[in-house]
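Data first, discussion second: the structure below is written as structure tokens.
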There are 2 protein chains.
Amino acid sequence: MRPTLQDVATAVGVSRSTVSNAYCRPDQLSAALRTRILDTARQLGYPGPNPTARSLRRGFAGAIGVLFTSQLSYAFTDPFAVRFLAGVAEAAERHGTSLLLVPLPTGATQARAAVENAAVDGFCVYCAADEDWALDVIRGRGLPFVTTAPPADDDAGAERYVGIDERAAARSVADHLVGLGHRRVALLADTVLPEAPPGPLRLAGADAARHPTTRGRLAGFADALGAVGVDWPDITLLNATGNSRAAGAEAVAGLFAGDDPPTAVLAASDVLALGALDALGERAATVSVTGFDDVAEAAAAGLTTVRQPAEEKGRIAAELLLDPPADDAAGKLLLPTELVVRTSTRPAPRS
Amino acid sequence: MRPTLQDVATAVGVSRSTVSNAYCRPDQLSAALRTRILDTARQLGYPGPNPTARSLRRGFAGAIGVLFTSQLSYAFTDPFAVRFLAGVAEAAERHGTSLLLVPLPTGATQARAAVENAAVDGFCVYCAADEDWALDVIRGRGLPFVTTAPPADDDAGAERYVGIDERAAARSVADHLVGLGHRRVALLADTVLPEAPPGPLRLAGADAARHPTTRGRLAGFADALGAVGVDWPDITLLNATGNSRAAGAEAVAGLFAGDDPPTAVLAASDVLALGALDALGERAATVSVTGFDDVAEAAAAGLTTVRQPAEEKGRIAAELLLDPPADDAAGKLLLPTELVVRTSTRPAPRS
DNA sequence: TTGAAAGCGCTACCAA
DNA sequence: TTGGTAGCGCTTTCAA
């Protein structure tokens, strides 16, 4: 049996409180006694106060939870998510707080349970204004949380978030393409509808997309095209079955075989855009492609994209959680984005 | 005040045990009573059993700790570490276990405390055969752990690890380079000695390097060179101040300005190798460079390297922890590696 | 099918 | 400076 604090107390011949003080309030006892206690503890093989018992008693866990909409192991394949996480880690590090990454099982009940059972003091919820159930569970637990997007309904009062203006940002790349004369354009996004197959997809409008981030970006793309008279029904929408390079390539495959193919592809993420470039191969020299996020690979590939501050988003999210601003409005942040023009976009060919 | 299980019990007019059963042993009470309890709980706003209290009582945390030698936020900038983490996450996901990422503060005492206070059932210790103190703390707590390298001292009995044969793997790239006729070679590694400045560094031998992984790789490089009569004192060793592209570039800068520069650079990681290529610029066409790990960027850069299975390493580490093999030897794994020859290596120029 | 009792290991208050 | 007391919120025997 592993010795407990009580065992140490008995061995030294003092009370539990004193042993406890030896560990967490050195100033509450004489140095001599403290040394004696710590020595005895070492001899007995007492590993120090049990973290769980301490958490229970103290009333906090010393960790914050991080929730990803997608499978956790997928999150690590998404360069933007990883940079977000790096930012969160940086803030947590400074605060001496640990990070609990909670995988969400597929079943609804089990996923709920995972959030209910996380021993944390709060949550960073990545990219999930959509996962209302998770936010409900967190609220139910009375825990603070920060999301990476404004709440879908504005009635949700005093929430905290750090996001970007998805729609305006998307519009900025789309405007760039439109300015280059592109009119026949394909939009590329992932998991537009839950079970949609890869490739062209009919959708009533940007609003019909499943994921709020996707909705915002598609709407921004559509805004720019609408401004020059290209309306939603005339825009090709391509669905990718995941936010990965391979899925991006798959979604685009075959599109350029038909006649009158698009002159440009507006992707909802860099990863998808890079996949599109993969699929285009030689044709990439004539078709314009844009991304979103400005991940590291984008620069190397010469991808025109919208930069959003990834690490900063994570850092701020964690800070908002770890020391909440007194001012309510200060907890609602939209970070700036920036259009980054590289070589993957060029004037539309005269037709 | 947040309601507790007791409050629900009182409200329904049953005992705490029954409410507890309603949550974790549905078969122990009638469906009707259970429904009544759950409904009342909802009305009262009871969020379900407190995870910490449950952990204390049940005696396990439902999470495994992940420890990185370097700063946690740095780990996310290292593509190999991220892939390792993805593997760990995959296994954890399947097991319904969370991942506690524990940042290690700089102070020795505080770093110890961080490991002591982690509410976890075991640890995956990434790349830290060196961090003996951490392993000691973990052992002291009586927790199981898995490392990514064999223990430095073999007397450490029943440990579990999943690593590679660093020395043999390193020798395989170095042999390739030697086979191409290279004799004037620079080795590039990071943090060879704790406070060493960037650039050329005198070292008594590969064994003198601080980090065990680095020791293994440098030794492997030296083996191959030694076999053709190039001995340690004649090998240039370059120190990088971190495992990053920038640090790799910095370490190499200036090396090729002198006369009789090396014809090849053997780097201890892909990231460093890519940095070296950055620094070489045009000269990269004449100098051969090799990496280690085979991260995603390596392929795009045409980097000759040694591939090791990153995700698998993580996955296996977590599995070794989550369901330990009965057989002791089955917990000690060296995974295969593979030399991947690309375009960054070519025959040495005749001099 | 339900309940009473007995802690899990610790910390914080207050009194000595 | 030290110790006693009183729980933190829960689960799990075991007996009814």
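So you can find residues: chains in the structure tokens are A, B, ... in the order shown, residues in each start at 1, and ligands are numbered from 1 in order.
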
**Interface, chain C side, toward chain B (10 Å; only C-alpha atoms (C1' of nucleotides)) as a PyMOL selection string** = chain C and resi 1-4+7-9

**Message:** Excluding B:Asp328 and its own-chain neighbours fewer than 3 positions away, which residues fall within 9 Å of it when counting only C-alpha atoms (C1' of nucleotides)? Please give them as a ChimeraX atom specification.
**Reply:** /B:158-160,324-325,331-332

Please produce an output containing C-alpha atoms for each residue in the selection, written as a CSV table (one decimal), in the first residue's frame.
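Output file result.csv follows:
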chain,number,residue,atom,x,y,z
B,158,ALA,CA,10.9,-3.6,-15.8
B,159,GLU,CA,10.6,-0.4,-17.8
B,160,ARG,CA,8.7,-0.1,-20.9
B,324,PRO,CA,0.5,-3.3,-20.6
B,325,PRO,CA,1.7,-6.6,-22.1
B,331,GLY,CA,7.2,-3.8,-23.3
B,332,LYS,CA,10.6,-3.0,-24.8

**Spatial neighbours of stretch 252-267 of chain A, 8 Å, only C-alpha atoms (C1' of nucleotides), chain gap at least 2 places, as an MDAnalysis selection string** = chainID A and resid 174 177 182:189 199 221 238 248:250 269:270 272:273 276 279:280 286:292 348:349

Write the residues you've just listed into a file as a compact mmCIF listing (two decimals), in the first residue's frame, and include C-alpha atoms for each of them.
# COMPACT_ATOMS: atom_id res chain seq x y z
CA ALA A 174 -12.64 36.50 -53.11
CA LEU A 177 -9.90 36.99 -57.41
CA HIS A 182 -12.42 35.62 -62.41
CA ARG A 183 -16.12 34.90 -62.75
CA ARG A 184 -16.32 31.13 -63.23
CA VAL A 185 -15.21 30.08 -59.80
CA ALA A 186 -15.48 26.93 -57.70
CA LEU A 187 -15.74 27.07 -53.92
CA LEU A 188 -14.10 24.27 -51.98
CA ALA A 189 -15.03 23.44 -48.39
CA GLY A 199 -17.05 16.60 -55.36
CA PHE A 221 -16.99 34.24 -51.07
CA LEU A 238 -17.12 21.34 -54.10
CA GLY A 248 -9.12 18.53 -51.09
CA ALA A 249 -7.50 16.80 -54.03
CA GLU A 250 -10.31 14.27 -54.22
CA SER A 269 -8.67 26.34 -45.85
CA ASP A 270 -5.05 26.19 -46.95
CA LEU A 272 -7.82 22.05 -48.99
CA ALA A 273 -6.22 24.55 -51.36
CA ALA A 276 -6.50 21.26 -55.00
CA ALA A 279 -4.92 17.53 -58.03
CA LEU A 280 -4.46 20.23 -60.63
CA THR A 286 -3.40 28.31 -65.40
CA VAL A 287 -6.03 27.94 -62.70
CA SER A 288 -5.94 30.35 -59.75
CA VAL A 289 -6.26 28.84 -56.28
CA THR A 290 -6.66 30.53 -52.91
CA GLY A 291 -6.55 29.22 -49.38
CA PHE A 292 -7.41 30.37 -45.88
CA ALA A 348 -8.41 35.22 -65.49
CA PRO A 349 -7.72 34.11 -69.05

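Residues of chain D lying within 9 Å of chain B, counting only C-alpha atoms (C1' of nucleotides), are DC8, DG9, DC10, DT11 and DT12 of chain D.
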
Would you mind exporting all heavy atoms of the selected residues as a JSON list (two decimals), in the first residue's frame?
[["chain", "number", "residue", "atom", "x", "y", "z"],
["D", 8, "DC", "P", -18.91, 19.50, 2.76],
["D", 8, "DC", "OP1", -19.73, 20.73, 2.71],
["D", 8, "DC", "OP2", -19.55, 18.17, 2.75],
["D", 8, "DC", "O5'", -17.86, 19.50, 1.57],
["D", 8, "DC", "C5'", -17.06, 20.62, 1.27],
["D", 8, "DC", "C4'", -16.12, 20.22, 0.14],
["D", 8, "DC", "O4'", -15.00, 19.53, 0.69],
["D", 8, "DC", "C3'", -16.77, 19.28, -0.87],
["D", 8, "DC", "O3'", -17.18, 20.05, -1.99],
["D", 8, "DC", "C2'", -15.65, 18.31, -1.26],
["D", 8, "DC", "C1'", -14.60, 18.47, -0.14],
["D", 8, "DC", "N1", -14.40, 17.29, 0.76],
["D", 8, "DC", "C2", -13.13, 16.75, 0.94],
["D", 8, "DC", "O2", -12.18, 17.23, 0.32],
["D", 8, "DC", "N3", -12.98, 15.70, 1.79],
["D", 8, "DC", "C4", -14.03, 15.22, 2.45],
["D", 8, "DC", "N4", -13.83, 14.20, 3.28],
["D", 8, "DC", "C5", -15.34, 15.77, 2.28],
["D", 8, "DC", "C6", -15.48, 16.79, 1.43],
["D", 9, "DG", "P", -18.70, 20.10, -2.43],
["D", 9, "DG", "OP1", -18.82, 21.14, -3.44],
["D", 9, "DG", "OP2", -19.54, 20.11, -1.22],
["D", 9, "DG", "O5'", -18.92, 18.69, -3.13],
["D", 9, "DG", "C5'", -18.15, 18.34, -4.27],
["D", 9, "DG", "C4'", -18.31, 16.86, -4.49],
["D", 9, "DG", "O4'", -17.69, 16.16, -3.41],
["D", 9, "DG", "C3'", -19.75, 16.37, -4.53],
["D", 9, "DG", "O3'", -19.99, 15.82, -5.80],
["D", 9, "DG", "C2'", -19.84, 15.35, -3.41],
["D", 9, "DG", "C1'", -18.38, 14.97, -3.20],
["D", 9, "DG", "N9", -18.07, 14.53, -1.86],
["D", 9, "DG", "C8", -18.59, 15.00, -0.68],
["D", 9, "DG", "N7", -18.10, 14.42, 0.38],
["D", 9, "DG", "C5", -17.19, 13.50, -0.13],
["D", 9, "DG", "C6", -16.36, 12.56, 0.55],
["D", 9, "DG", "O6", -16.24, 12.38, 1.76],
["D", 9, "DG", "N1", -15.59, 11.83, -0.36],
["D", 9, "DG", "C2", -15.64, 11.97, -1.72],
["D", 9, "DG", "N2", -14.83, 11.18, -2.42],
["D", 9, "DG", "N3", -16.41, 12.83, -2.36],
["D", 9, "DG", "C4", -17.16, 13.56, -1.50],
["D", 10, "DC", "P", -21.18, 14.90, -6.14],
["D", 10, "DC", "OP1", -21.44, 15.01, -7.57],
["D", 10, "DC", "OP2", -22.26, 15.15, -5.18],
["D", 10, "DC", "O5'", -20.59, 13.45, -5.89],
["D", 10, "DC", "C5'", -19.62, 12.96, -6.81],
["D", 10, "DC", "C4'", -18.89, 11.78, -6.23],
["D", 10, "DC", "O4'", -18.70, 12.00, -4.84],
["D", 10, "DC", "C3'", -19.66, 10.48, -6.30],
["D", 10, "DC", "O3'", -19.27, 9.80, -7.48],
["D", 10, "DC", "C2'", -19.21, 9.71, -5.07],
["D", 10, "DC", "C1'", -18.51, 10.76, -4.21],
["D", 10, "DC", "N1", -19.02, 10.87, -2.83],
["D", 10, "DC", "C2", -18.46, 10.08, -1.83],
["D", 10, "DC", "O2", -17.58, 9.28, -2.13],
["D", 10, "DC", "N3", -18.91, 10.22, -0.56],
["D", 10, "DC", "C4", -19.86, 11.11, -0.28],
["D", 10, "DC", "N4", -20.27, 11.23, 0.99],
["D", 10, "DC", "C5", -20.45, 11.93, -1.28],
["D", 10, "DC", "C6", -20.01, 11.78, -2.54],
["D", 11, "DT", "P", -20.11, 8.60, -8.03],
["D", 11, "DT", "OP1", -19.75, 8.42, -9.44],
["D", 11, "DT", "OP2", -21.51, 8.80, -7.61],
["D", 11, "DT", "O5'", -19.51, 7.37, -7.20],
["D", 11, "DT", "C5'", -18.14, 7.05, -7.37],
["D", 11, "DT", "C4'", -17.79, 5.90, -6.47],
["D", 11, "DT", "O4'", -18.06, 6.23, -5.08],
["D", 11, "DT", "C3'", -18.55, 4.61, -6.75],
["D", 11, "DT", "O3'", -17.57, 3.58, -6.62],
["D", 11, "DT", "C2'", -19.59, 4.56, -5.64],
["D", 11, "DT", "C1'", -18.82, 5.20, -4.50],
["D", 11, "DT", "N1", -19.61, 5.86, -3.42],
["D", 11, "DT", "C2", -19.30, 5.56, -2.12],
["D", 11, "DT", "O2", -18.46, 4.76, -1.80],
["D", 11, "DT", "N3", -20.06, 6.24, -1.17],
["D", 11, "DT", "C4", -21.04, 7.18, -1.41],
["D", 11, "DT", "O4", -21.64, 7.72, -0.49],
["D", 11, "DT", "C5", -21.31, 7.45, -2.81],
["D", 11, "DT", "C7", -22.37, 8.45, -3.18],
["D", 11, "DT", "C6", -20.60, 6.78, -3.74],
["D", 12, "DT", "P", -17.77, 2.19, -7.35],
["D", 12, "DT", "OP1", -16.62, 2.00, -8.22],
["D", 12, "DT", "OP2", -19.14, 2.11, -7.90],
["D", 12, "DT", "O5'", -17.65, 1.16, -6.14],
["D", 12, "DT", "C5'", -16.77, 1.48, -5.06],
["D", 12, "DT", "C4'", -17.19, 0.74, -3.82],
["D", 12, "DT", "O4'", -18.03, 1.59, -3.01],
["D", 12, "DT", "C3'", -18.00, -0.55, -4.06],
["D", 12, "DT", "O3'", -17.45, -1.57, -3.26],
["D", 12, "DT", "C2'", -19.40, -0.18, -3.63],
["D", 12, "DT", "C1'", -19.10, 0.82, -2.51],
["D", 12, "DT", "N1", -20.20, 1.78, -2.21],
["D", 12, "DT", "C2", -20.41, 2.14, -0.89],
["D", 12, "DT", "O2", -19.76, 1.71, 0.03],
["D", 12, "DT", "N3", -21.44, 3.02, -0.71],
["D", 12, "DT", "C4", -22.26, 3.57, -1.69],
["D", 12, "DT", "O4", -23.14, 4.35, -1.38],
["D", 12, "DT", "C5", -21.98, 3.14, -3.04],
["D", 12, "DT", "C7", -22.81, 3.66, -4.17],
["D", 12, "DT", "C6", -20.97, 2.27, -3.24]]

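Of the listed residues B:Leu320, B:Ala86, B:Leu237, B:Ala219, the one whose atoms come nearest to chain A is B:Ala86, with distances taken using only C-alpha atoms.
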
**Prompt:** Which value, in Å to one decimal, gives the distance between atom CA of A:Leu44 and atom CA of B:Val115?
**Reply:** 19.4 Å

Assign secondary structure with DSSP using the backbone only, and return the residues of stretch 32-235 of chain A in strand (DSSP E) as a CSV table (one decimal) with C-alpha atoms, in the first residue's frame.
chain,number,residue,atom,x,y,z
A,63,ALA,CA,-6.0,22.1,-15.6
A,64,ILE,CA,-8.0,23.5,-18.5
A,65,GLY,CA,-9.8,21.3,-21.0
A,66,VAL,CA,-9.4,21.6,-24.7
A,67,LEU,CA,-12.2,20.4,-26.9
A,68,PHE,CA,-12.0,19.9,-30.6
A,98,SER,CA,-1.9,21.8,-17.4
A,99,LEU,CA,-3.9,21.1,-20.6
A,100,LEU,CA,-6.4,18.3,-20.7
A,101,LEU,CA,-7.1,17.2,-24.2
A,102,VAL,CA,-10.5,15.5,-24.2
A,123,PHE,CA,-12.6,24.8,-21.4
A,124,CYS,CA,-11.2,26.1,-24.6
A,125,VAL,CA,-13.6,25.0,-27.2
A,126,TYR,CA,-12.0,25.0,-30.6
A,145,PHE,CA,-15.2,28.5,-21.3
A,146,VAL,CA,-13.9,30.3,-24.3
A,147,THR,CA,-14.8,29.5,-27.9
A,160,ARG,CA,-16.1,34.9,-24.2
A,161,TYR,CA,-14.6,34.2,-27.6
A,162,VAL,CA,-11.7,35.0,-29.8
A,163,GLY,CA,-12.4,34.7,-33.4
A,164,ILE,CA,-12.1,36.5,-36.7
A,185,VAL,CA,-15.2,30.1,-59.8
A,186,ALA,CA,-15.5,26.9,-57.7
A,187,LEU,CA,-15.7,27.1,-53.9
A,188,LEU,CA,-14.1,24.3,-52.0
A,189,ALA,CA,-15.0,23.4,-48.4
A,190,ASP,CA,-15.0,20.4,-46.2
A,199,GLY,CA,-17.0,16.6,-55.4
A,200,PRO,CA,-19.7,19.0,-56.6

**Request:** Have a look at B:Gly62, B:Pro336, B:Pro233, B:Pro347 and name the one nearest to chain A; count only C-alpha atoms.
**Result:**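 Result for the nearest residue to chain A: B:Gly62.
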
**Message:** Could you work out which residues of chain A fall inside 8 Å of chain B? Count only C-alpha atoms, and format the result as JSON, numbers by chain.
**Reply:** {"A": [2, 45, 46, 47, 48, 49, 50, 51, 52, 53, 55, 56, 61, 72, 73, 74, 75, 76, 77, 82, 83, 85, 86, 87, 89, 90, 92, 93, 96, 97, 98, 99, 100, 101, 102, 103, 104, 105, 114, 116, 117, 118, 119, 137, 140, 141, 142]}

**Request:** Identify, on the basis of only C-alpha atoms (C1' of nucleotides), every residue whose closest approach to A:Gly220 does not exceed 8 Å; exclude the query and any residue fewer than 4 positions from it along the same chain; express the result as a VMD selection string.
**Result:** chain A and resid 166 to 172 174 216 224

Suppose we keep N, CA and C atoms; can you now write the selection as a PDB file, in the first residue's frame?
ATOM      1  N   GLU A 166     -15.097  35.939 -40.115  1.00  0.00           N
ATOM      2  CA  GLU A 166     -14.918  34.934 -41.167  1.00  0.00           C
ATOM      3  C   GLU A 166     -15.415  35.454 -42.516  1.00  0.00           C
ATOM      4  N   ARG A 167     -16.559  36.072 -42.461  1.00  0.00           N
ATOM      5  CA  ARG A 167     -17.193  36.489 -43.707  1.00  0.00           C
ATOM      6  C   ARG A 167     -16.386  37.572 -44.415  1.00  0.00           C
ATOM      7  N   ALA A 168     -15.984  38.561 -43.642  1.00  0.00           N
ATOM      8  CA  ALA A 168     -15.212  39.656 -44.237  1.00  0.00           C
ATOM      9  C   ALA A 168     -13.868  39.149 -44.733  1.00  0.00           C
ATOM     10  N   ALA A 169     -13.244  38.264 -43.958  1.00  0.00           N
ATOM     11  CA  ALA A 169     -11.946  37.734 -44.351  1.00  0.00           C
ATOM     12  C   ALA A 169     -12.068  36.958 -45.660  1.00  0.00           C
ATOM     13  N   ALA A 170     -13.097  36.131 -45.724  1.00  0.00           N
ATOM     14  CA  ALA A 170     -13.315  35.344 -46.937  1.00  0.00           C
ATOM     15  C   ALA A 170     -13.576  36.277 -48.116  1.00  0.00           C
ATOM     16  N   ARG A 171     -14.329  37.303 -47.832  1.00  0.00           N
ATOM     17  CA  ARG A 171     -14.627  38.236 -48.926  1.00  0.00           C
ATOM     18  C   ARG A 171     -13.348  38.867 -49.459  1.00  0.00           C
ATOM     19  N   SER A 172     -12.394  39.099 -48.566  1.00  0.00           N
ATOM     20  CA  SER A 172     -11.186  39.781 -49.032  1.00  0.00           C
ATOM     21  C   SER A 172     -10.401  38.966 -50.064  1.00  0.00           C
ATOM     22  N   ALA A 174     -11.753  36.649 -51.968  1.00  0.00           N
ATOM     23  CA  ALA A 174     -12.645  36.502 -53.112  1.00  0.00           C
ATOM     24  C   ALA A 174     -12.641  37.782 -53.942  1.00  0.00           C
ATOM     25  N   GLY A 216     -19.730  31.019 -42.721  1.00  0.00           N
ATOM     26  CA  GLY A 216     -19.184  32.368 -42.803  1.00  0.00           C
ATOM     27  C   GLY A 216     -18.287  32.543 -44.024  1.00  0.00           C
ATOM     28  N   ALA A 224     -18.581  38.509 -52.521  1.00  0.00           N
ATOM     29  CA  ALA A 224     -17.707  39.104 -53.528  1.00  0.00           C
ATOM     30  C   ALA A 224     -18.188  38.776 -54.939  1.00  0.00           C
TER      31      ALA A 224
END
